[in-house]
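For reference, final28.cif (mmCIF, N, CA and C atoms):
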```
data_start
#
loop_
_atom_site.label_atom_id
_atom_site.label_comp_id
_atom_site.auth_asym_id
_atom_site.auth_seq_id
_atom_site.Cartn_x
_atom_site.Cartn_y
_atom_site.Cartn_z
N MET A 148 0.85 -1.18 0.00
CA MET A 148 0.00 0.00 0.00
C MET A 148 0.89 1.24 0.00
N LYS A 149 0.53 2.23 -0.82
CA LYS A 149 1.31 3.45 -0.94
C LYS A 149 0.43 4.65 -0.63
N VAL A 150 0.93 5.56 0.17
CA VAL A 150 0.21 6.79 0.48
C VAL A 150 1.06 7.95 -0.03
N GLN A 151 0.42 8.89 -0.70
CA GLN A 151 1.13 10.04 -1.26
C GLN A 151 0.44 11.32 -0.82
N LEU A 152 1.21 12.32 -0.44
CA LEU A 152 0.64 13.61 -0.11
C LEU A 152 0.05 14.23 -1.37
N GLU A 153 -1.23 14.55 -1.34
CA GLU A 153 -1.93 15.09 -2.51
C GLU A 153 -2.13 16.59 -2.41
N GLY A 154 -2.31 17.10 -1.19
CA GLY A 154 -2.60 18.51 -1.10
C GLY A 154 -2.34 19.08 0.28
N ILE A 155 -2.28 20.39 0.33
CA ILE A 155 -2.12 21.14 1.56
C ILE A 155 -3.24 22.18 1.59
N THR A 156 -3.95 22.25 2.71
CA THR A 156 -5.01 23.23 2.88
C THR A 156 -4.64 24.16 4.02
N LEU A 157 -4.57 25.44 3.73
CA LEU A 157 -4.31 26.45 4.75
C LEU A 157 -5.64 26.86 5.35
N LEU A 158 -5.73 26.91 6.66
CA LEU A 158 -6.95 27.36 7.32
C LEU A 158 -6.87 28.86 7.50
N ALA A 159 -7.99 29.54 7.28
CA ALA A 159 -7.98 31.00 7.29
C ALA A 159 -9.16 31.56 8.04
N ASN A 160 -8.92 32.67 8.71
CA ASN A 160 -10.01 33.46 9.28
C ASN A 160 -10.67 34.28 8.18
N ASP A 161 -9.87 34.74 7.21
CA ASP A 161 -10.35 35.56 6.10
C ASP A 161 -9.87 34.94 4.80
N VAL A 162 -10.67 34.05 4.22
CA VAL A 162 -10.31 33.32 3.01
C VAL A 162 -10.00 34.27 1.86
N ALA A 163 -10.82 35.28 1.66
CA ALA A 163 -10.63 36.20 0.53
C ALA A 163 -9.29 36.94 0.64
N ALA A 164 -8.95 37.42 1.81
CA ALA A 164 -7.70 38.16 1.98
C ALA A 164 -6.49 37.26 1.79
N LEU A 165 -6.52 36.06 2.36
CA LEU A 165 -5.40 35.15 2.21
C LEU A 165 -5.27 34.67 0.77
N ALA A 166 -6.38 34.39 0.12
CA ALA A 166 -6.36 33.99 -1.29
C ALA A 166 -5.80 35.11 -2.16
N SER A 167 -6.19 36.34 -1.86
CA SER A 167 -5.67 37.49 -2.61
C SER A 167 -4.16 37.57 -2.49
N PHE A 168 -3.62 37.32 -1.29
CA PHE A 168 -2.17 37.34 -1.10
C PHE A 168 -1.49 36.29 -1.97
N TYR A 169 -1.96 35.05 -1.92
CA TYR A 169 -1.31 34.00 -2.69
C TYR A 169 -1.51 34.17 -4.20
N ARG A 170 -2.60 34.80 -4.60
CA ARG A 170 -2.84 35.06 -6.02
C ARG A 170 -2.06 36.29 -6.48
N ASP A 171 -2.22 37.42 -5.79
CA ASP A 171 -1.70 38.70 -6.27
C ASP A 171 -0.24 38.94 -5.89
N VAL A 172 0.22 38.39 -4.80
CA VAL A 172 1.60 38.60 -4.36
C VAL A 172 2.50 37.45 -4.80
N ILE A 173 2.12 36.22 -4.44
CA ILE A 173 2.94 35.06 -4.79
C ILE A 173 2.80 34.70 -6.26
N GLY A 174 1.62 34.93 -6.84
CA GLY A 174 1.43 34.69 -8.27
C GLY A 174 0.75 33.39 -8.64
N PHE A 175 0.13 32.71 -7.68
CA PHE A 175 -0.57 31.47 -7.98
C PHE A 175 -1.86 31.77 -8.75
N LYS A 176 -2.21 30.89 -9.66
CA LYS A 176 -3.45 31.01 -10.43
C LYS A 176 -4.57 30.28 -9.70
N THR A 177 -5.76 30.88 -9.69
CA THR A 177 -6.91 30.30 -9.01
C THR A 177 -7.63 29.34 -9.95
N VAL A 178 -8.00 28.16 -9.44
CA VAL A 178 -8.77 27.19 -10.22
C VAL A 178 -10.18 27.05 -9.66
N VAL A 179 -10.35 27.24 -8.34
CA VAL A 179 -11.66 27.23 -7.69
C VAL A 179 -11.69 28.42 -6.74
N GLU A 180 -12.77 29.21 -6.80
CA GLU A 180 -12.89 30.34 -5.88
C GLU A 180 -14.33 30.43 -5.39
N GLU A 181 -14.51 30.08 -4.11
CA GLU A 181 -15.81 30.14 -3.47
C GLU A 181 -15.67 30.97 -2.19
N GLU A 182 -16.77 31.27 -1.54
CA GLU A 182 -16.71 32.11 -0.35
C GLU A 182 -15.82 31.52 0.74
N HIS A 183 -15.90 30.22 0.96
CA HIS A 183 -15.18 29.58 2.06
C HIS A 183 -14.04 28.68 1.61
N TYR A 184 -13.74 28.68 0.30
CA TYR A 184 -12.71 27.77 -0.21
C TYR A 184 -12.12 28.31 -1.51
N VAL A 185 -10.81 28.30 -1.59
CA VAL A 185 -10.10 28.69 -2.82
C VAL A 185 -9.02 27.65 -3.07
N GLU A 186 -8.88 27.28 -4.33
CA GLU A 186 -7.85 26.31 -4.70
C GLU A 186 -7.03 26.90 -5.84
N PHE A 187 -5.72 26.61 -5.82
CA PHE A 187 -4.81 27.17 -6.81
C PHE A 187 -4.29 26.08 -7.74
N VAL A 188 -3.94 26.48 -8.97
CA VAL A 188 -3.30 25.58 -9.92
C VAL A 188 -1.88 25.35 -9.42
N ASN A 189 -1.47 24.10 -9.35
CA ASN A 189 -0.12 23.78 -8.91
C ASN A 189 0.20 22.37 -9.36
N GLN A 190 1.39 22.18 -9.89
CA GLN A 190 1.80 20.83 -10.28
C GLN A 190 2.29 20.08 -9.06
N GLY A 191 1.85 18.86 -8.91
CA GLY A 191 2.35 18.01 -7.84
C GLY A 191 1.43 17.97 -6.63
N ILE A 192 1.38 19.04 -5.85
CA ILE A 192 0.59 19.07 -4.63
C ILE A 192 -0.42 20.20 -4.72
N ARG A 193 -1.68 19.88 -4.46
CA ARG A 193 -2.76 20.86 -4.48
C ARG A 193 -2.62 21.78 -3.28
N LEU A 194 -2.73 23.10 -3.51
CA LEU A 194 -2.74 24.08 -2.43
C LEU A 194 -4.11 24.73 -2.41
N ALA A 195 -4.73 24.73 -1.24
CA ALA A 195 -6.06 25.30 -1.08
C ALA A 195 -6.11 26.12 0.20
N ILE A 196 -7.10 27.00 0.28
CA ILE A 196 -7.39 27.77 1.49
C ILE A 196 -8.84 27.50 1.84
N CYS A 197 -9.09 27.20 3.11
CA CYS A 197 -10.45 26.88 3.55
C CYS A 197 -10.74 27.65 4.83
N SER A 198 -11.97 28.11 4.96
CA SER A 198 -12.34 28.85 6.17
C SER A 198 -12.40 27.91 7.36
N LYS A 199 -12.02 28.45 8.51
CA LYS A 199 -12.09 27.67 9.74
C LYS A 199 -13.53 27.27 10.07
N PRO A 200 -14.53 28.15 9.88
CA PRO A 200 -15.91 27.73 10.15
C PRO A 200 -16.38 26.55 9.28
N LEU A 201 -15.97 26.52 8.01
CA LEU A 201 -16.37 25.40 7.14
C LEU A 201 -15.73 24.10 7.65
N MET A 202 -14.45 24.16 8.05
CA MET A 202 -13.81 22.96 8.58
C MET A 202 -14.44 22.54 9.91
N ALA A 203 -14.86 23.51 10.71
CA ALA A 203 -15.57 23.17 11.96
C ALA A 203 -16.86 22.43 11.63
N ASP A 204 -17.60 22.92 10.62
CA ASP A 204 -18.83 22.25 10.21
C ASP A 204 -18.55 20.83 9.72
N ASN A 205 -17.45 20.66 8.98
CA ASN A 205 -17.10 19.35 8.42
C ASN A 205 -16.63 18.36 9.48
N THR A 206 -16.26 18.84 10.66
CA THR A 206 -15.69 17.97 11.70
C THR A 206 -16.51 18.00 12.99
N ASN A 207 -17.81 18.23 12.86
CA ASN A 207 -18.70 18.27 14.03
C ASN A 207 -18.24 19.27 15.09
N GLN A 208 -17.84 20.44 14.62
CA GLN A 208 -17.42 21.54 15.50
C GLN A 208 -16.22 21.19 16.36
N HIS A 209 -15.24 20.51 15.77
CA HIS A 209 -14.03 20.18 16.51
C HIS A 209 -13.39 21.46 17.05
N PRO A 210 -13.00 21.47 18.32
CA PRO A 210 -12.47 22.70 18.95
C PRO A 210 -11.26 23.30 18.25
N SER A 211 -10.45 22.49 17.59
CA SER A 211 -9.25 23.03 16.96
C SER A 211 -9.57 23.99 15.81
N PHE A 212 -10.78 23.91 15.27
CA PHE A 212 -11.17 24.82 14.20
C PHE A 212 -11.95 26.02 14.73
N ILE A 213 -12.28 26.02 16.00
CA ILE A 213 -13.05 27.11 16.61
C ILE A 213 -12.15 28.01 17.45
N GLU A 214 -11.21 27.41 18.17
CA GLU A 214 -10.31 28.17 19.03
C GLU A 214 -9.31 28.96 18.20
N GLU A 215 -8.85 30.08 18.77
CA GLU A 215 -7.83 30.89 18.11
C GLU A 215 -6.51 30.13 18.12
N ARG A 216 -5.86 30.07 16.96
CA ARG A 216 -4.58 29.37 16.84
C ARG A 216 -3.48 30.22 17.45
N LYS A 217 -2.52 29.55 18.08
CA LYS A 217 -1.36 30.23 18.64
C LYS A 217 -0.11 29.52 18.17
N GLY A 218 0.83 30.29 17.67
CA GLY A 218 2.11 29.71 17.26
C GLY A 218 2.10 29.19 15.85
N GLN A 219 3.29 28.89 15.37
CA GLN A 219 3.49 28.41 14.00
C GLN A 219 3.13 26.94 13.91
N ALA A 220 2.32 26.56 12.93
CA ALA A 220 1.90 25.17 12.79
C ALA A 220 2.50 24.50 11.55
N PHE A 221 2.94 25.28 10.57
CA PHE A 221 3.48 24.72 9.33
C PHE A 221 4.32 25.79 8.64
N GLU A 222 5.09 25.37 7.64
CA GLU A 222 5.89 26.30 6.84
C GLU A 222 5.84 25.83 5.40
N LEU A 223 5.59 26.75 4.48
CA LEU A 223 5.71 26.47 3.05
C LEU A 223 7.10 26.93 2.62
N ASN A 224 7.73 26.17 1.73
CA ASN A 224 9.06 26.50 1.23
C ASN A 224 8.97 26.77 -0.26
N PHE A 225 9.37 27.97 -0.67
CA PHE A 225 9.31 28.38 -2.06
C PHE A 225 10.72 28.38 -2.63
N GLU A 226 10.99 27.47 -3.57
CA GLU A 226 12.32 27.34 -4.15
C GLU A 226 12.45 28.17 -5.42
N CYS A 227 13.54 28.90 -5.52
CA CYS A 227 13.85 29.70 -6.70
C CYS A 227 15.01 29.05 -7.46
N ASP A 228 15.20 29.48 -8.71
CA ASP A 228 16.28 28.94 -9.53
C ASP A 228 17.65 29.49 -9.17
N SER A 229 17.69 30.69 -8.55
CA SER A 229 18.98 31.30 -8.24
C SER A 229 18.87 32.18 -6.99
N PRO A 230 19.99 32.45 -6.33
CA PRO A 230 19.96 33.37 -5.21
C PRO A 230 19.45 34.76 -5.61
N GLU A 231 19.77 35.20 -6.82
CA GLU A 231 19.30 36.50 -7.29
C GLU A 231 17.77 36.57 -7.31
N GLU A 232 17.14 35.47 -7.72
CA GLU A 232 15.67 35.42 -7.72
C GLU A 232 15.12 35.50 -6.30
N VAL A 233 15.82 34.92 -5.34
CA VAL A 233 15.38 34.98 -3.94
C VAL A 233 15.30 36.44 -3.50
N TYR A 234 16.38 37.19 -3.73
CA TYR A 234 16.42 38.60 -3.32
C TYR A 234 15.33 39.40 -4.05
N GLN A 235 15.19 39.15 -5.35
CA GLN A 235 14.20 39.89 -6.14
C GLN A 235 12.78 39.61 -5.69
N LEU A 236 12.41 38.33 -5.60
CA LEU A 236 11.05 37.97 -5.23
C LEU A 236 10.73 38.36 -3.78
N PHE A 237 11.69 38.18 -2.89
CA PHE A 237 11.48 38.58 -1.50
C PHE A 237 11.12 40.06 -1.45
N GLY A 238 11.88 40.89 -2.12
CA GLY A 238 11.61 42.32 -2.15
C GLY A 238 10.25 42.64 -2.75
N GLU A 239 9.91 41.99 -3.86
CA GLU A 239 8.61 42.22 -4.50
C GLU A 239 7.46 41.81 -3.59
N TRP A 240 7.59 40.65 -2.96
CA TRP A 240 6.52 40.14 -2.10
C TRP A 240 6.31 41.04 -0.89
N VAL A 241 7.39 41.51 -0.28
CA VAL A 241 7.27 42.42 0.87
C VAL A 241 6.64 43.73 0.42
N GLU A 242 7.03 44.23 -0.74
CA GLU A 242 6.45 45.47 -1.28
C GLU A 242 4.94 45.32 -1.51
N LYS A 243 4.51 44.11 -1.85
CA LYS A 243 3.09 43.86 -2.15
C LYS A 243 2.28 43.41 -0.94
N GLY A 244 2.92 43.27 0.23
CA GLY A 244 2.12 42.94 1.42
C GLY A 244 2.62 41.83 2.31
N ALA A 245 3.63 41.08 1.89
CA ALA A 245 4.22 40.09 2.79
C ALA A 245 4.94 40.84 3.91
N THR A 246 5.06 40.20 5.06
CA THR A 246 5.80 40.79 6.18
C THR A 246 7.19 40.16 6.22
N ALA A 247 8.22 40.99 6.13
CA ALA A 247 9.59 40.47 6.20
C ALA A 247 9.86 39.97 7.62
N ILE A 248 10.34 38.74 7.72
CA ILE A 248 10.72 38.16 9.01
C ILE A 248 12.24 38.15 9.10
N THR A 249 12.90 37.57 8.11
CA THR A 249 14.35 37.56 8.01
C THR A 249 14.72 37.83 6.56
N GLU A 250 15.45 38.90 6.32
CA GLU A 250 15.91 39.21 4.96
C GLU A 250 16.74 38.04 4.43
N PRO A 251 16.76 37.82 3.11
CA PRO A 251 17.56 36.72 2.56
C PRO A 251 19.04 36.89 2.90
N ILE A 252 19.65 35.77 3.30
CA ILE A 252 21.08 35.70 3.57
C ILE A 252 21.60 34.35 3.11
N VAL A 253 22.91 34.26 2.97
CA VAL A 253 23.55 32.98 2.67
C VAL A 253 23.68 32.23 3.99
N VAL A 254 23.15 31.01 4.02
CA VAL A 254 23.16 30.21 5.24
C VAL A 254 24.17 29.06 5.11
N PRO A 255 24.63 28.51 6.25
CA PRO A 255 25.70 27.50 6.23
C PRO A 255 25.40 26.25 5.41
N TRP A 256 24.15 25.89 5.22
CA TRP A 256 23.85 24.64 4.49
C TRP A 256 23.81 24.83 2.98
N GLY A 257 24.32 25.98 2.48
CA GLY A 257 24.51 26.15 1.04
C GLY A 257 23.35 26.78 0.30
N HIS A 258 22.47 27.45 1.01
CA HIS A 258 21.33 28.12 0.38
C HIS A 258 21.39 29.61 0.65
N THR A 259 20.69 30.36 -0.19
CA THR A 259 20.32 31.74 0.13
C THR A 259 18.88 31.64 0.59
N ASN A 260 18.58 32.12 1.80
CA ASN A 260 17.30 31.85 2.43
C ASN A 260 16.76 33.09 3.13
N GLY A 261 15.45 33.32 2.97
CA GLY A 261 14.77 34.39 3.69
C GLY A 261 13.44 33.89 4.21
N PHE A 262 12.87 34.60 5.19
CA PHE A 262 11.58 34.21 5.75
C PHE A 262 10.63 35.40 5.71
N PHE A 263 9.36 35.12 5.39
CA PHE A 263 8.32 36.14 5.32
C PHE A 263 7.03 35.55 5.88
N ALA A 264 6.10 36.44 6.25
CA ALA A 264 4.79 35.98 6.75
C ALA A 264 3.70 36.43 5.78
N ASP A 265 2.67 35.58 5.67
CA ASP A 265 1.48 35.94 4.89
C ASP A 265 0.53 36.75 5.77
N PRO A 266 -0.60 37.21 5.24
CA PRO A 266 -1.50 38.07 6.03
C PRO A 266 -2.07 37.44 7.30
N GLU A 267 -2.08 36.11 7.40
CA GLU A 267 -2.59 35.46 8.61
C GLU A 267 -1.47 35.15 9.60
N GLY A 268 -0.24 35.58 9.27
CA GLY A 268 0.89 35.39 10.18
C GLY A 268 1.65 34.10 10.00
N ASN A 269 1.32 33.30 8.99
CA ASN A 269 2.05 32.07 8.71
C ASN A 269 3.42 32.42 8.14
N ILE A 270 4.48 31.89 8.73
CA ILE A 270 5.83 32.22 8.30
C ILE A 270 6.34 31.14 7.34
N HIS A 271 6.86 31.58 6.18
CA HIS A 271 7.33 30.69 5.14
C HIS A 271 8.73 31.08 4.71
N SER A 272 9.40 30.18 4.00
CA SER A 272 10.74 30.48 3.51
C SER A 272 10.76 30.58 1.99
N ILE A 273 11.70 31.37 1.51
CA ILE A 273 12.01 31.45 0.09
C ILE A 273 13.51 31.20 0.00
N PHE A 274 13.93 30.33 -0.92
CA PHE A 274 15.34 29.94 -0.94
C PHE A 274 15.78 29.51 -2.33
N ALA A 275 17.10 29.42 -2.49
CA ALA A 275 17.72 28.84 -3.67
C ALA A 275 19.04 28.22 -3.24
N ALA A 276 19.41 27.14 -3.88
CA ALA A 276 20.73 26.56 -3.64
C ALA A 276 21.77 27.50 -4.24
N ASN A 277 22.86 27.71 -3.50
CA ASN A 277 23.94 28.56 -3.99
C ASN A 277 24.78 27.79 -4.99
N PRO A 278 25.26 28.47 -6.03
CA PRO A 278 26.13 27.79 -7.00
C PRO A 278 27.39 27.28 -6.31
N SER A 279 27.88 26.15 -6.77
CA SER A 279 29.12 25.59 -6.23
C SER A 279 30.30 26.40 -6.74
N ASN A 280 31.30 26.54 -5.91
CA ASN A 280 32.51 27.28 -6.32
C ASN A 280 33.45 26.41 -7.09
#
```

For this file, produce the structure as structure tokens.
Amino acid sequence: MKVQLEGITLLANDVAALASFYRDVIGFKTVVEEEHYVEFVNQGIRLAICSKPLMADNTNQHPSFIEERKGQAFELNFECDSPEEVYQLFGEWVEKGATAITEPIVVPWGHTNGFFADPEGNIHSIFAANPSN
């Protein structure tokens, strides 16, 4: 038996605002857009945003979808083709509404890496492998 990760769903207090960020800032294309659910075109793994109230309804009002979330629960990693793209996209995304957490820097494991937050406070990384010398 084989199990494969098919998709990731981000839970949101404001689906429209978070969807707007991933569409207008990150550049993802929308394939489904409803009041409580948005899904983006993506090869490999489906990325969607779903309202917390809809997930509460789907899970018999499970408390984890009703209570206010505290702390970081996940991280998305956005890979670029080059370190130059990391610096460029990081700057563009922050200019368009992402919150800079850590400006891109060269890190010991051979990447250029930066961290930013989306409008709901989820912190993600943008990175590229550094060219070998």

Q: Show which residues sit within 9 Å of range 153-169 of chain A, as a PyMOL selection string. Count only C-alpha atoms, and ignore same-chain residues fewer than 2 positions away.
A: chain A and resi 151+171-177+180-187+191-200+202+212+243-245+265-267

**Q.** Pairwise distance for atom N of Glu242 in chain A and atom N of Phe262 in chain A, rounded to one decimal in Å
**A.**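 Separation of atom N of Glu242 in chain A and atom N of Phe262 in chain A: 12.7 Å.
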
**Q.** Atom pair atom C of Gly257 in chain A / atom N of Ala276 in chain A: separation (Å)
**A.**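 Atom N of Ala276 in chain A lies at a distance of 5.8 Å from atom C of Gly257 in chain A.
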
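With only C-alpha atoms as the atoms that count, the residue of A:Ala275, A:Val178, A:Ile270, A:Ala220 with the shortest distance to Val233 in chain A is A:Ala275.
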
Q: Could you give me the residues within range 207-262 of chain A that DSSP places in helix (DSSP H, G or I), as number ranges by chain?
A: A: 210-212, 230-242

Using only N, CA and C atoms, please write the residues we just selected to a file, as a PDB file, in the frame of the given file.
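Result file out-v3.pdb:
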```
ATOM      1  N   PRO A 210     -13.000  21.470  18.320  1.00  0.00           N
ATOM      2  CA  PRO A 210     -12.470  22.700  18.950  1.00  0.00           C
ATOM      3  C   PRO A 210     -11.260  23.300  18.250  1.00  0.00           C
ATOM      4  N   SER A 211     -10.450  22.490  17.590  1.00  0.00           N
ATOM      5  CA  SER A 211      -9.250  23.030  16.960  1.00  0.00           C
ATOM      6  C   SER A 211      -9.570  23.990  15.810  1.00  0.00           C
ATOM      7  N   PHE A 212     -10.780  23.910  15.270  1.00  0.00           N
ATOM      8  CA  PHE A 212     -11.170  24.820  14.200  1.00  0.00           C
ATOM      9  C   PHE A 212     -11.950  26.020  14.730  1.00  0.00           C
ATOM     10  N   PRO A 230      19.990  32.450  -6.330  1.00  0.00           N
ATOM     11  CA  PRO A 230      19.960  33.370  -5.210  1.00  0.00           C
ATOM     12  C   PRO A 230      19.450  34.760  -5.610  1.00  0.00           C
ATOM     13  N   GLU A 231      19.770  35.200  -6.820  1.00  0.00           N
ATOM     14  CA  GLU A 231      19.300  36.500  -7.290  1.00  0.00           C
ATOM     15  C   GLU A 231      17.770  36.570  -7.310  1.00  0.00           C
ATOM     16  N   GLU A 232      17.140  35.470  -7.720  1.00  0.00           N
ATOM     17  CA  GLU A 232      15.670  35.420  -7.720  1.00  0.00           C
ATOM     18  C   GLU A 232      15.120  35.500  -6.300  1.00  0.00           C
ATOM     19  N   VAL A 233      15.820  34.920  -5.340  1.00  0.00           N
ATOM     20  CA  VAL A 233      15.380  34.980  -3.940  1.00  0.00           C
ATOM     21  C   VAL A 233      15.300  36.440  -3.500  1.00  0.00           C
ATOM     22  N   TYR A 234      16.380  37.190  -3.730  1.00  0.00           N
ATOM     23  CA  TYR A 234      16.420  38.600  -3.320  1.00  0.00           C
ATOM     24  C   TYR A 234      15.330  39.400  -4.050  1.00  0.00           C
ATOM     25  N   GLN A 235      15.190  39.150  -5.350  1.00  0.00           N
ATOM     26  CA  GLN A 235      14.200  39.890  -6.140  1.00  0.00           C
ATOM     27  C   GLN A 235      12.780  39.610  -5.690  1.00  0.00           C
ATOM     28  N   LEU A 236      12.410  38.330  -5.600  1.00  0.00           N
ATOM     29  CA  LEU A 236      11.050  37.970  -5.230  1.00  0.00           C
ATOM     30  C   LEU A 236      10.730  38.360  -3.780  1.00  0.00           C
ATOM     31  N   PHE A 237      11.690  38.180  -2.890  1.00  0.00           N
ATOM     32  CA  PHE A 237      11.480  38.580  -1.500  1.00  0.00           C
ATOM     33  C   PHE A 237      11.120  40.060  -1.450  1.00  0.00           C
ATOM     34  N   GLY A 238      11.880  40.890  -2.120  1.00  0.00           N
ATOM     35  CA  GLY A 238      11.610  42.320  -2.150  1.00  0.00           C
ATOM     36  C   GLY A 238      10.250  42.640  -2.750  1.00  0.00           C
ATOM     37  N   GLU A 239       9.910  41.990  -3.860  1.00  0.00           N
ATOM     38  CA  GLU A 239       8.610  42.220  -4.500  1.00  0.00           C
ATOM     39  C   GLU A 239       7.460  41.810  -3.590  1.00  0.00           C
ATOM     40  N   TRP A 240       7.590  40.650  -2.960  1.00  0.00           N
ATOM     41  CA  TRP A 240       6.520  40.140  -2.100  1.00  0.00           C
ATOM     42  C   TRP A 240       6.310  41.040  -0.890  1.00  0.00           C
ATOM     43  N   VAL A 241       7.390  41.510  -0.280  1.00  0.00           N
ATOM     44  CA  VAL A 241       7.270  42.420   0.870  1.00  0.00           C
ATOM     45  C   VAL A 241       6.640  43.730   0.420  1.00  0.00           C
ATOM     46  N   GLU A 242       7.030  44.230  -0.740  1.00  0.00           N
ATOM     47  CA  GLU A 242       6.450  45.470  -1.280  1.00  0.00           C
ATOM     48  C   GLU A 242       4.940  45.320  -1.510  1.00  0.00           C
TER      49      GLU A 242
END
```

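Counting from CA of Glu232 in chain A, the distance to CA of Thr259 in chain A is 9.8 Å.
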
Q: Enumerate, as a PyMOL selection string, the complete set of residues in range 155-271 of chain A that a backbone-based DSSP assignment places in strand (DSSP E).
A: chain A and resi 155-159+177-180+184-187+193-198+224-226+246-254+258-264+270-271

Q. What's the 8 Å shell around Glu250 in chain A, counting only N, CA and C atoms, without same-chain residues fewer than 2 positions away, as a PyMOL selection string?
A. chain A and resi 234+237+247-248+252-253+259-263

**Q.** Residues returned when the PyMOL selection byres ((chain A and resi 221) around 7) runs on this file, as a PyMOL selection string
**A.** chain A and resi 218-220+222-223+269-271

Q. Looking at only C-alpha atoms, which of A:Thr206, A:Phe274, A:Asp228, A:Leu201 is the one that sits closest to Trp256 in chain A?
A.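 Ranked by minimum distance to Trp256 in chain A, first place goes to A:Phe274.
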
Q: Name every residue that the PyMOL selection byres ((chain A and resi 225) around 6) selects in this structure, writing the answer as a list of chain:residue names with chains first and numbers rising.
A: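 Listing what the PyMOL selection byres ((chain A and resi 225) around 6) selects in the shown file: A:Leu223, A:Asn224, A:Glu226, A:Cys227, A:Ser272, A:Ile273, A:Phe274.
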
Q | Minimum-distance residue to Val241 in chain A, chosen among A:Arg170, A:Ser229, A:Pro255, A:Ala264 (using only C-alpha atoms) | A | A:Ala264
